[in-house]
>>> print(open('upload33.cif').read())   # mmCIF, C-alpha atoms; chains and numbers go by the auth columns
data_final
loop_
_atom_site.group_PDB
_atom_site.id
_atom_site.type_symbol
_atom_site.label_atom_id
_atom_site.label_comp_id
_atom_site.label_asym_id
_atom_site.label_seq_id
_atom_site.Cartn_x
_atom_site.Cartn_y
_atom_site.Cartn_z
_atom_site.B_iso_or_equiv
_atom_site.auth_seq_id
_atom_site.auth_asym_id
ATOM 1 C CA MET A 1 32.769 129.131 147.820 0.00 18 A
ATOM 2 C CA ALA A 2 32.669 128.779 144.017 0.00 19 A
ATOM 3 C CA SER A 3 32.796 132.554 143.455 0.00 20 A
ATOM 4 C CA TYR A 4 35.750 132.833 145.857 0.00 21 A
ATOM 5 C CA SER A 5 37.514 130.041 143.968 0.00 22 A
ATOM 6 C CA VAL A 6 36.916 131.736 140.614 0.00 23 A
ATOM 7 C CA SER A 7 38.090 135.135 141.901 0.00 24 A
ATOM 8 C CA ASP A 8 41.198 133.486 143.371 0.00 25 A
ATOM 9 C CA ALA A 9 41.953 131.793 140.036 0.00 26 A
ATOM 10 C CA VAL A 10 41.482 135.070 138.142 0.00 27 A
ATOM 11 C CA ALA A 11 43.738 136.946 140.563 0.00 28 A
ATOM 12 C CA THR A 12 46.421 134.248 140.241 0.00 29 A
ATOM 13 C CA TYR A 13 46.162 134.402 136.452 0.00 30 A
ATOM 14 C CA PHE A 14 46.633 138.179 136.363 0.00 31 A
ATOM 15 C CA LEU A 15 49.517 138.056 138.866 0.00 32 A
ATOM 16 C CA TYR A 16 51.200 135.409 136.711 0.00 33 A
ATOM 17 C CA TYR A 17 50.860 137.491 133.547 0.00 34 A
ATOM 18 C CA LYS A 18 52.067 140.651 135.273 0.00 35 A
ATOM 19 C CA TYR A 19 55.097 139.273 137.155 0.00 36 A
ATOM 20 C CA VAL A 20 56.014 135.702 136.220 0.00 37 A
ATOM 21 C CA HIS A 21 55.301 135.482 132.472 0.00 38 A
ATOM 22 C CA PRO A 22 57.592 138.355 131.348 0.00 39 A
ATOM 23 C CA PHE A 23 60.346 137.143 133.684 0.00 40 A
ATOM 24 C CA ILE A 24 60.276 133.628 132.215 0.00 41 A
ATOM 25 C CA PHE A 25 60.444 134.910 128.638 0.00 42 A
ATOM 26 C CA SER A 26 63.208 137.392 129.455 0.00 43 A
ATOM 27 C CA LEU A 27 65.216 134.535 131.005 0.00 44 A
ATOM 28 C CA GLY A 28 64.510 132.480 127.893 0.00 45 A
ATOM 29 C CA THR A 29 66.098 135.204 125.724 0.00 46 A
ATOM 30 C CA ILE A 30 69.219 135.480 127.894 0.00 47 A
ATOM 31 C CA ILE A 31 69.661 131.748 128.435 0.00 48 A
ATOM 32 C CA PRO A 32 69.224 129.623 125.311 0.00 49 A
ATOM 33 C CA MET A 33 66.340 127.529 126.631 0.00 50 A
ATOM 34 C CA PRO A 34 62.641 127.458 125.890 0.00 51 A
ATOM 35 C CA PRO A 35 60.360 128.865 128.622 0.00 52 A
ATOM 36 C CA ASP A 36 59.228 125.457 129.903 0.00 53 A
ATOM 37 C CA GLU A 37 62.888 124.432 130.387 0.00 54 A
ATOM 38 C CA VAL A 38 63.595 127.696 132.254 0.00 55 A
ATOM 39 C CA LEU A 39 60.731 126.865 134.626 0.00 56 A
ATOM 40 C CA ARG A 40 61.948 123.324 135.286 0.00 57 A
ATOM 41 C CA LYS A 41 65.658 123.992 135.740 0.00 58 A
ATOM 42 C CA GLY A 42 67.180 124.960 139.070 0.00 59 A
ATOM 43 C CA SER A 43 69.070 128.195 139.541 0.00 60 A
ATOM 44 C CA GLY A 44 72.401 126.353 139.461 0.00 61 A
ATOM 45 C CA THR A 45 71.681 124.893 136.008 0.00 62 A
ATOM 46 C CA LEU A 46 70.407 128.252 134.742 0.00 63 A
ATOM 47 C CA CYS A 47 73.560 129.930 136.053 0.00 64 A
ATOM 48 C CA GLU A 48 75.738 127.313 134.350 0.00 65 A
ATOM 49 C CA SER A 49 73.910 127.853 131.048 0.00 66 A
ATOM 50 C CA LEU A 50 74.342 131.625 131.317 0.00 67 A
ATOM 51 C CA LEU A 51 78.071 131.243 132.037 0.00 68 A
ATOM 52 C CA MET A 52 78.477 128.926 129.049 0.00 69 A
ATOM 53 C CA VAL A 53 76.720 131.455 126.761 0.00 70 A
ATOM 54 C CA GLN A 54 78.929 134.271 128.069 0.00 71 A
ATOM 55 C CA ALA A 55 82.053 132.127 127.633 0.00 72 A
ATOM 56 C CA PHE A 56 81.043 131.312 124.044 0.00 73 A
ATOM 57 C CA ASP A 57 80.396 134.990 123.239 0.00 74 A
ATOM 58 C CA ALA A 58 83.776 135.990 124.725 0.00 75 A
ATOM 59 C CA ASN A 59 85.579 133.146 122.879 0.00 76 A
ATOM 60 C CA ILE A 60 86.665 131.542 126.158 0.00 77 A
ATOM 61 C CA LEU A 61 87.351 127.835 126.379 0.00 78 A
ATOM 62 C CA ALA A 62 85.066 125.954 128.728 0.00 79 A
ATOM 63 C CA PRO A 63 85.343 122.267 129.578 0.00 80 A
ATOM 64 C CA ASN A 64 82.667 119.817 128.543 0.00 81 A
ATOM 65 C CA LYS A 65 80.198 118.751 131.177 0.00 82 A
ATOM 66 C CA PHE A 66 81.568 115.842 133.168 0.00 83 A
ATOM 67 C CA LYS A 67 79.847 112.528 132.554 0.00 84 A
ATOM 68 C CA SER A 68 79.851 110.473 135.710 0.00 85 A
ATOM 69 C CA GLN A 69 80.634 106.786 135.718 0.00 86 A
ATOM 70 C CA HIS A 70 78.029 104.261 136.775 0.00 87 A
ATOM 71 C CA GLU A 71 80.368 102.740 139.340 0.00 88 A
ATOM 72 C CA LYS A 72 82.009 104.965 141.933 0.00 89 A
ATOM 73 C CA PHE A 73 85.317 104.090 143.540 0.00 90 A
ATOM 74 C CA HIS A 74 87.058 105.482 146.606 0.00 91 A
ATOM 75 C CA GLY A 75 90.518 104.328 147.615 0.00 92 A
ATOM 76 C CA GLY A 76 90.382 101.580 145.001 0.00 93 A
ATOM 77 C CA LYS A 77 87.206 100.060 146.469 0.00 94 A
ATOM 78 C CA LEU A 78 83.745 100.046 144.885 0.00 95 A
ATOM 79 C CA LEU A 79 81.226 102.249 146.704 0.00 96 A
ATOM 80 C CA GLN A 80 77.765 100.844 147.330 0.00 97 A
ATOM 81 C CA SER A 81 76.293 104.274 147.972 0.00 98 A
ATOM 82 C CA GLU A 82 77.612 107.799 147.776 0.00 99 A
ATOM 83 C CA THR A 83 77.019 110.357 150.485 0.00 100 A
ATOM 84 C CA TYR A 84 77.702 114.061 150.611 0.00 101 A
ATOM 85 C CA ILE A 85 79.830 115.099 153.538 0.00 102 A
ATOM 86 C CA GLY A 86 79.397 118.778 152.792 0.00 103 A
ATOM 87 C CA GLY A 87 80.728 121.537 150.637 0.00 104 A
ATOM 88 C CA HIS A 88 83.282 124.218 151.187 0.00 105 A
ATOM 89 C CA VAL A 89 82.586 127.731 149.958 0.00 106 A
ATOM 90 C CA GLU A 90 85.311 130.336 150.097 0.00 107 A
ATOM 91 C CA ALA A 91 84.508 134.016 149.719 0.00 108 A
ATOM 92 C CA LEU A 92 87.540 135.472 147.962 0.00 109 A
ATOM 93 C CA GLU A 93 86.345 139.027 148.407 0.00 110 A
ATOM 94 C CA SER A 94 83.103 140.433 149.711 0.00 111 A
ATOM 95 C CA GLY A 95 81.544 143.825 149.176 0.00 112 A
ATOM 96 C CA VAL A 96 79.580 145.849 146.690 0.00 113 A
ATOM 97 C CA PHE A 97 81.004 145.761 143.176 0.00 114 A
ATOM 98 C CA ARG A 98 80.198 147.658 140.011 0.00 115 A
ATOM 99 C CA ALA A 99 80.986 146.689 136.451 0.00 116 A
ATOM 100 C CA ASP A 100 81.498 150.309 135.332 0.00 117 A
ATOM 101 C CA ILE A 101 84.399 151.161 137.679 0.00 118 A
ATOM 102 C CA ASP A 102 87.975 150.051 136.996 0.00 119 A
ATOM 103 C CA ILE A 103 89.328 147.541 139.524 0.00 120 A
ATOM 104 C CA SER A 104 92.978 146.676 140.102 0.00 121 A
ATOM 105 C CA PHE A 105 93.772 142.981 139.736 0.00 122 A
ATOM 106 C CA ASN A 106 96.929 141.385 141.139 0.00 123 A
ATOM 107 C CA ASN A 107 97.244 137.920 139.620 0.00 124 A
ATOM 108 C CA ASN A 108 99.591 135.129 140.662 0.00 125 A
ATOM 109 C CA SER A 109 102.260 134.705 137.956 0.00 126 A
ATOM 110 C CA ALA A 110 103.307 131.282 139.273 0.00 127 A
ATOM 111 C CA ALA A 111 99.770 129.963 138.773 0.00 128 A
ATOM 112 C CA TYR A 112 99.819 131.069 135.134 0.00 129 A
ATOM 113 C CA GLN A 113 103.201 129.385 134.656 0.00 130 A
ATOM 114 C CA LYS A 114 101.733 126.120 136.003 0.00 131 A
ATOM 115 C CA LEU A 115 98.912 126.417 133.465 0.00 132 A
ATOM 116 C CA ILE A 116 101.415 127.058 130.672 0.00 133 A
ATOM 117 C CA ASP A 117 103.466 124.024 131.713 0.00 134 A
ATOM 118 C CA LYS A 118 100.372 121.782 131.602 0.00 135 A
ATOM 119 C CA VAL A 119 98.817 123.101 128.365 0.00 136 A
ATOM 120 C CA ASP A 120 99.729 120.052 126.280 0.00 137 A
ATOM 121 C CA GLU A 121 98.585 117.599 128.958 0.00 138 A
ATOM 122 C CA ASP A 122 95.302 119.451 129.504 0.00 139 A
ATOM 123 C CA LEU A 123 94.549 119.824 125.783 0.00 140 A
ATOM 124 C CA GLN A 124 95.294 116.151 125.104 0.00 141 A
ATOM 125 C CA TYR A 125 93.002 115.111 127.961 0.00 142 A
ATOM 126 C CA THR A 126 90.228 117.374 126.675 0.00 143 A
ATOM 127 C CA ILE A 127 90.551 116.111 123.126 0.00 144 A
ATOM 128 C CA THR A 128 91.006 112.387 123.754 0.00 145 A
ATOM 129 C CA VAL A 129 89.038 111.762 126.958 0.00 146 A
ATOM 130 C CA GLU A 130 86.309 114.401 127.113 0.00 147 A
ATOM 131 C CA ASN A 131 85.634 114.738 123.385 0.00 148 A
ATOM 132 C CA GLU A 132 86.690 111.182 122.438 0.00 149 A
ATOM 133 C CA VAL A 133 88.642 112.364 119.379 0.00 150 A
ATOM 134 C CA ALA A 134 91.986 110.962 118.262 0.00 151 A
ATOM 135 C CA MET A 135 94.882 113.448 118.343 0.00 152 A
ATOM 136 C CA GLU A 136 95.710 112.785 114.688 0.00 153 A
ATOM 137 C CA ASP A 137 92.191 113.968 113.726 0.00 154 A
ATOM 138 C CA VAL A 138 92.869 117.459 115.124 0.00 155 A
ATOM 139 C CA LYS A 139 94.080 119.648 112.249 0.00 156 A
ATOM 140 C CA ASN A 140 94.964 122.938 114.018 0.00 157 A
ATOM 141 C CA TYR A 141 96.318 121.719 117.368 0.00 158 A
ATOM 142 C CA ASP A 142 99.542 123.774 117.239 0.00 159 A
ATOM 143 C CA GLU A 143 97.696 126.950 116.237 0.00 160 A
ATOM 144 C CA ILE A 144 95.181 126.692 119.101 0.00 161 A
ATOM 145 C CA ARG A 145 97.890 125.654 121.581 0.00 162 A
ATOM 146 C CA ASP A 146 100.066 128.647 120.627 0.00 163 A
ATOM 147 C CA GLU A 147 97.091 131.003 120.962 0.00 164 A
ATOM 148 C CA ILE A 148 96.314 129.704 124.470 0.00 165 A
ATOM 149 C CA VAL A 149 99.978 129.877 125.530 0.00 166 A
ATOM 150 C CA ALA A 150 100.260 133.451 124.192 0.00 167 A
ATOM 151 C CA LYS A 151 97.255 134.591 126.261 0.00 168 A
ATOM 152 C CA LEU A 152 98.515 132.824 129.386 0.00 169 A
ATOM 153 C CA THR A 153 102.010 134.254 128.864 0.00 170 A
ATOM 154 C CA TYR A 154 100.576 137.762 128.611 0.00 171 A
ATOM 155 C CA LEU A 155 98.686 137.268 131.870 0.00 172 A
ATOM 156 C CA ARG A 156 101.790 135.787 133.536 0.00 173 A
ATOM 157 C CA ASP A 157 104.011 138.678 132.401 0.00 174 A
ATOM 158 C CA ASN A 158 101.448 141.353 133.328 0.00 175 A
ATOM 159 C CA PRO A 159 100.076 140.226 136.704 0.00 176 A
ATOM 160 C CA ARG A 160 98.872 143.696 137.692 0.00 177 A
ATOM 161 C CA CYS A 161 96.185 145.194 135.543 0.00 178 A
ATOM 162 C CA THR A 162 93.284 147.579 135.882 0.00 179 A
ATOM 163 C CA GLU A 163 90.083 146.663 134.069 0.00 180 A
ATOM 164 C CA LYS A 164 86.338 146.920 134.286 0.00 181 A
ATOM 165 C CA PRO A 165 85.289 143.537 135.713 0.00 182 A
ATOM 166 C CA LEU A 166 82.628 141.155 134.487 0.00 183 A
ATOM 167 C CA ILE A 167 80.530 140.562 137.593 0.00 184 A
ATOM 168 C CA TYR A 168 78.414 137.471 138.120 0.00 185 A
ATOM 169 C CA HIS A 169 76.465 136.739 141.264 0.00 186 A
ATOM 170 C CA LEU A 170 76.642 133.019 141.886 0.00 187 A
ATOM 171 C CA ASP A 171 74.111 131.814 144.420 0.00 188 A
ATOM 172 C CA VAL A 172 76.029 128.897 145.904 0.00 189 A
ATOM 173 C CA ALA A 173 73.224 128.112 148.352 0.00 190 A
ATOM 174 C CA ALA A 174 71.029 127.175 145.384 0.00 191 A
ATOM 175 C CA MET A 175 73.394 124.313 144.549 0.00 192 A
ATOM 176 C CA TYR A 176 72.447 122.289 147.616 0.00 193 A
ATOM 177 C CA PRO A 177 68.754 121.912 146.681 0.00 194 A
ATOM 178 C CA ASN A 178 69.973 121.055 143.182 0.00 195 A
ATOM 179 C CA ILE A 179 72.062 118.185 144.600 0.00 196 A
ATOM 180 C CA ILE A 180 69.097 117.044 146.667 0.00 197 A
ATOM 181 C CA LEU A 181 66.748 117.078 143.670 0.00 198 A
ATOM 182 C CA THR A 182 69.227 115.446 141.301 0.00 199 A
ATOM 183 C CA ASN A 183 69.971 112.561 143.625 0.00 200 A
ATOM 184 C CA ARG A 184 66.441 112.290 145.064 0.00 201 A
ATOM 185 C CA LEU A 185 67.733 112.679 148.620 0.00 202 A
#
>>> encode(input="upload33.cif", output="structure tokens")
Amino acid sequence: MASYSVSDAVATYFLYYKYVHPFIFSLGTIIPMPPDEVLRKGSGTLCESLLMVQAFDANILAPNKFKSQHEKFHGGKLLQSETYIGGHVEALESGVFRADIDISFNNNSAAYQKLIDKVDEDLQYTITVENEVAMEDVKNYDEIRDEIVAKLTYLRDNPRCTEKPLIYHLDVAAMYPNIILTNRL
């Protein structure tokens, strides 16, 4: 029994070093987390971290992580407990995609116009509520606002474009265990 136990431990050790160990360290280089954090985090959190790194590298604005309130309200009444009714996942397009082949995009110009119309409101909310900074402390507000509006205007005026896409596989099913673990359900 002891020799079987030792051989099992040795086999597990070598399997770990052959398959798991390099994978953990390669994830740790892609996602800015140490290896022990990569092991502990769920796939949803790892995916979020990867998206944030990619957004930073591409100079794309991303909202701050939402901080939930201690008290939850629904319809103006305080909730004693919060339950999850279920999620809705919509597949916009299914198939096999490649990042090295040009794809035609047909964007909705009206949606971009709505974003342009709400730029000031959205930026003020981000600055004052999410980042807790006074508007008078922001030195280059007009410059950043104009840059965002220019990019949105270009997308609104050119709704049809052909580009090589950035493809991310988001495993939505992995979010449900993450909700279960986070809330100890």
>>> residues_near_point(input="upload33.cif", point="(103.8, 134.9, 139.8)", cutoff="10 Å", atoms="all atoms listed in the file", output="CSV table (one decimal) with C-alpha atoms, in the frame of the given file")
chain,number,residue,atom,x,y,z
A,123,ASN,CA,96.9,141.4,141.1
A,124,ASN,CA,97.2,137.9,139.6
A,125,ASN,CA,99.6,135.1,140.7
A,126,SER,CA,102.3,134.7,138.0
A,127,ALA,CA,103.3,131.3,139.3
A,128,ALA,CA,99.8,130.0,138.8
A,129,TYR,CA,99.8,131.1,135.1
A,130,GLN,CA,103.2,129.4,134.7
A,131,LYS,CA,101.7,126.1,136.0
A,172,LEU,CA,98.7,137.3,131.9
A,173,ARG,CA,101.8,135.8,133.5
A,174,ASP,CA,104.0,138.7,132.4
A,175,ASN,CA,101.4,141.4,133.3
A,176,PRO,CA,100.1,140.2,136.7
>>> resolve_selection(input="upload33.cif", expression="the PyMOL selection byres ((chain A and resi 116) around 10)", output="NGL selection string")
:A and (114-115 or 117-120 or 180-185)
>>> atom_distance(input="upload33.cif", atom1="CA of Ser43 in chain A", atom2="CA of Phe73 in chain A")
19.6 Å
>>> atom_distance(input="upload33.cif", atom1="CA of Val37 in chain A", atom2="CA of Ala19 in chain A")
25.6 Å
>>> atom_distance(input="upload33.cif", atom1="CA of Leu67 in chain A", atom2="CA of Ile48 in chain A")
5.5 Å
>>> closest_residue(input="upload33.cif", among="A:Glu160, A:Pro80, A:Phe122, A:Ser66", to="Tyr142 in chain A", atoms="only C-alpha atoms")
A:Pro80
>>> resolve_selection(input="upload33.cif", expression="the PyMOL selection byres ((chain A and resi 178) around 6)", output="number ranges by chain")
A: 121-122, 177, 179
>>> closest_residue(input="upload33.cif", among="A:Met69, A:Met152, A:Ile165, A:Ile47", to="Lys135 in chain A", atoms="all atoms listed in the file")
A:Ile165
>>> residues_around(input="upload33.cif", residues="Ile144 in chain A", least_positions_apart="2", cutoff="12 Å", atoms="all atoms listed in the file", output="list of chain:residue names")
A:Pro80, A:Asn81, A:Asp137, A:Glu138, A:Asp139, A:Leu140, A:Gln141, A:Tyr142, A:Val146, A:Glu147, A:Asn148, A:Glu149, A:Val150, A:Ala151, A:Met152, A:Glu153, A:Asp154, A:Val155, A:Lys156, A:Tyr158
>>> write_last_selection(input="upload33.cif", atoms="C-alpha atoms", output="PDB file, in the frame of the given file")
ATOM      1  CA  PRO A  80      85.343 122.267 129.578  1.00  0.00           C
ATOM      2  CA  ASN A  81      82.667 119.817 128.543  1.00  0.00           C
ATOM      3  CA  ASP A 137      99.729 120.052 126.280  1.00  0.00           C
ATOM      4  CA  GLU A 138      98.585 117.599 128.958  1.00  0.00           C
ATOM      5  CA  ASP A 139      95.302 119.451 129.504  1.00  0.00           C
ATOM      6  CA  LEU A 140      94.549 119.824 125.783  1.00  0.00           C
ATOM      7  CA  GLN A 141      95.294 116.151 125.104  1.00  0.00           C
ATOM      8  CA  TYR A 142      93.002 115.111 127.961  1.00  0.00           C
ATOM      9  CA  VAL A 146      89.038 111.762 126.958  1.00  0.00           C
ATOM     10  CA  GLU A 147      86.309 114.401 127.113  1.00  0.00           C
ATOM     11  CA  ASN A 148      85.634 114.738 123.385  1.00  0.00           C
ATOM     12  CA  GLU A 149      86.690 111.182 122.438  1.00  0.00           C
ATOM     13  CA  VAL A 150      88.642 112.364 119.379  1.00  0.00           C
ATOM     14  CA  ALA A 151      91.986 110.962 118.262  1.00  0.00           C
ATOM     15  CA  MET A 152      94.882 113.448 118.343  1.00  0.00           C
ATOM     16  CA  GLU A 153      95.710 112.785 114.688  1.00  0.00           C
ATOM     17  CA  ASP A 154      92.191 113.968 113.726  1.00  0.00           C
ATOM     18  CA  VAL A 155      92.869 117.459 115.124  1.00  0.00           C
ATOM     19  CA  LYS A 156      94.080 119.648 112.249  1.00  0.00           C
ATOM     20  CA  TYR A 158      96.318 121.719 117.368  1.00  0.00           C
TER      21      TYR A 158
END
>>> residues_around(input="upload33.cif", residues="range 38-42 of chain A", least_positions_apart="3", cutoff="12 Å", atoms="all atoms listed in the file", output="tab-separated table (two decimals) with C-alpha atoms, in the coordinates of the input")
chain	number	residue	atom	x	y	z
A	29	THR	CA	46.42	134.25	140.24
A	30	TYR	CA	46.16	134.40	136.45
A	31	PHE	CA	46.63	138.18	136.36
A	32	LEU	CA	49.52	138.06	138.87
A	33	TYR	CA	51.20	135.41	136.71
A	34	TYR	CA	50.86	137.49	133.55
A	35	LYS	CA	52.07	140.65	135.27
A	45	GLY	CA	64.51	132.48	127.89
A	46	THR	CA	66.10	135.20	125.72
A	47	ILE	CA	69.22	135.48	127.89
A	48	ILE	CA	69.66	131.75	128.44
A	49	PRO	CA	69.22	129.62	125.31
A	50	MET	CA	66.34	127.53	126.63
A	51	PRO	CA	62.64	127.46	125.89
A	52	PRO	CA	60.36	128.86	128.62
A	53	ASP	CA	59.23	125.46	129.90
A	54	GLU	CA	62.89	124.43	130.39
A	55	VAL	CA	63.60	127.70	132.25
A	56	LEU	CA	60.73	126.86	134.63
A	57	ARG	CA	61.95	123.32	135.29
A	58	LYS	CA	65.66	123.99	135.74
A	63	LEU	CA	70.41	128.25	134.74
>>> decode(input="upload33.cif", residues="range 159-169 of chain A", atoms="all heavy atoms", output="compact mmCIF listing (two decimals), in the first residue's frame")
# COMPACT_ATOMS: atom_id res chain seq x y z
N ASP A 159 -11.92 68.46 -21.84
CA ASP A 159 -12.36 68.78 -23.21
C ASP A 159 -11.55 68.02 -24.25
O ASP A 159 -12.09 67.55 -25.25
CB ASP A 159 -12.24 70.29 -23.46
CG ASP A 159 -13.25 71.08 -22.63
OD1 ASP A 159 -14.34 70.53 -22.34
OD2 ASP A 159 -12.95 72.23 -22.26
N GLU A 160 -10.26 67.87 -24.00
CA GLU A 160 -9.39 67.14 -24.94
C GLU A 160 -9.81 65.67 -25.04
O GLU A 160 -9.95 65.13 -26.14
CB GLU A 160 -7.94 67.25 -24.44
CG GLU A 160 -6.93 66.50 -25.27
CD GLU A 160 -5.55 66.54 -24.63
OE1 GLU A 160 -5.25 67.50 -23.89
OE2 GLU A 160 -4.79 65.59 -24.86
N ILE A 161 -10.02 65.02 -23.91
CA ILE A 161 -10.42 63.61 -23.90
C ILE A 161 -11.82 63.45 -24.48
O ILE A 161 -12.07 62.54 -25.27
CB ILE A 161 -10.36 63.04 -22.46
CG1 ILE A 161 -8.94 63.10 -21.91
CG2 ILE A 161 -10.91 61.63 -22.40
CD1 ILE A 161 -7.93 62.29 -22.68
N ARG A 162 -12.73 64.35 -24.12
CA ARG A 162 -14.10 64.31 -24.64
C ARG A 162 -14.09 64.42 -26.16
O ARG A 162 -14.77 63.67 -26.85
CB ARG A 162 -14.92 65.44 -24.03
CG ARG A 162 -16.36 65.43 -24.47
CD ARG A 162 -17.01 66.81 -24.27
NE ARG A 162 -18.34 66.83 -24.81
CZ ARG A 162 -18.63 66.96 -26.10
NH1 ARG A 162 -17.67 67.06 -26.98
NH2 ARG A 162 -19.88 66.97 -26.50
N ASP A 163 -13.33 65.38 -26.70
CA ASP A 163 -13.27 65.58 -28.15
C ASP A 163 -12.68 64.36 -28.85
O ASP A 163 -13.11 63.99 -29.95
CB ASP A 163 -12.46 66.83 -28.48
CG ASP A 163 -13.14 68.11 -28.01
OD1 ASP A 163 -14.36 68.06 -27.72
OD2 ASP A 163 -12.46 69.15 -27.91
N GLU A 164 -11.70 63.73 -28.23
CA GLU A 164 -11.09 62.52 -28.81
C GLU A 164 -12.10 61.38 -28.88
O GLU A 164 -12.21 60.69 -29.89
CB GLU A 164 -9.88 62.12 -27.95
CG GLU A 164 -9.06 60.99 -28.51
CD GLU A 164 -7.87 60.68 -27.62
OE1 GLU A 164 -7.26 61.61 -27.07
OE2 GLU A 164 -7.56 59.48 -27.47
N ILE A 165 -12.88 61.20 -27.81
CA ILE A 165 -13.90 60.15 -27.79
C ILE A 165 -14.99 60.44 -28.82
O ILE A 165 -15.39 59.55 -29.58
CB ILE A 165 -14.51 60.02 -26.37
CG1 ILE A 165 -13.47 59.49 -25.40
CG2 ILE A 165 -15.74 59.12 -26.39
CD1 ILE A 165 -13.88 59.58 -23.95
N VAL A 166 -15.44 61.69 -28.88
CA VAL A 166 -16.49 62.07 -29.84
C VAL A 166 -16.00 61.88 -31.27
O VAL A 166 -16.74 61.42 -32.14
CB VAL A 166 -16.98 63.52 -29.58
CG1 VAL A 166 -17.87 64.01 -30.70
CG2 VAL A 166 -17.72 63.59 -28.26
N ALA A 167 -14.73 62.21 -31.54
CA ALA A 167 -14.18 62.04 -32.89
C ALA A 167 -14.19 60.57 -33.30
O ALA A 167 -14.56 60.23 -34.44
CB ALA A 167 -12.77 62.61 -32.94
N LYS A 168 -13.80 59.68 -32.40
CA LYS A 168 -13.80 58.24 -32.72
C LYS A 168 -15.22 57.72 -32.92
O LYS A 168 -15.48 56.94 -33.84
CB LYS A 168 -13.09 57.46 -31.61
CG LYS A 168 -11.59 57.69 -31.59
CD LYS A 168 -10.91 56.92 -30.47
CE LYS A 168 -9.42 57.19 -30.47
NZ LYS A 168 -8.72 56.47 -29.41
N LEU A 169 -16.14 58.14 -32.06
CA LEU A 169 -17.53 57.71 -32.22
C LEU A 169 -18.15 58.28 -33.49
O LEU A 169 -18.93 57.60 -34.17
CB LEU A 169 -18.36 58.12 -30.99
CG LEU A 169 -18.06 57.37 -29.70
CD1 LEU A 169 -18.80 58.01 -28.53
CD2 LEU A 169 -18.43 55.91 -29.82
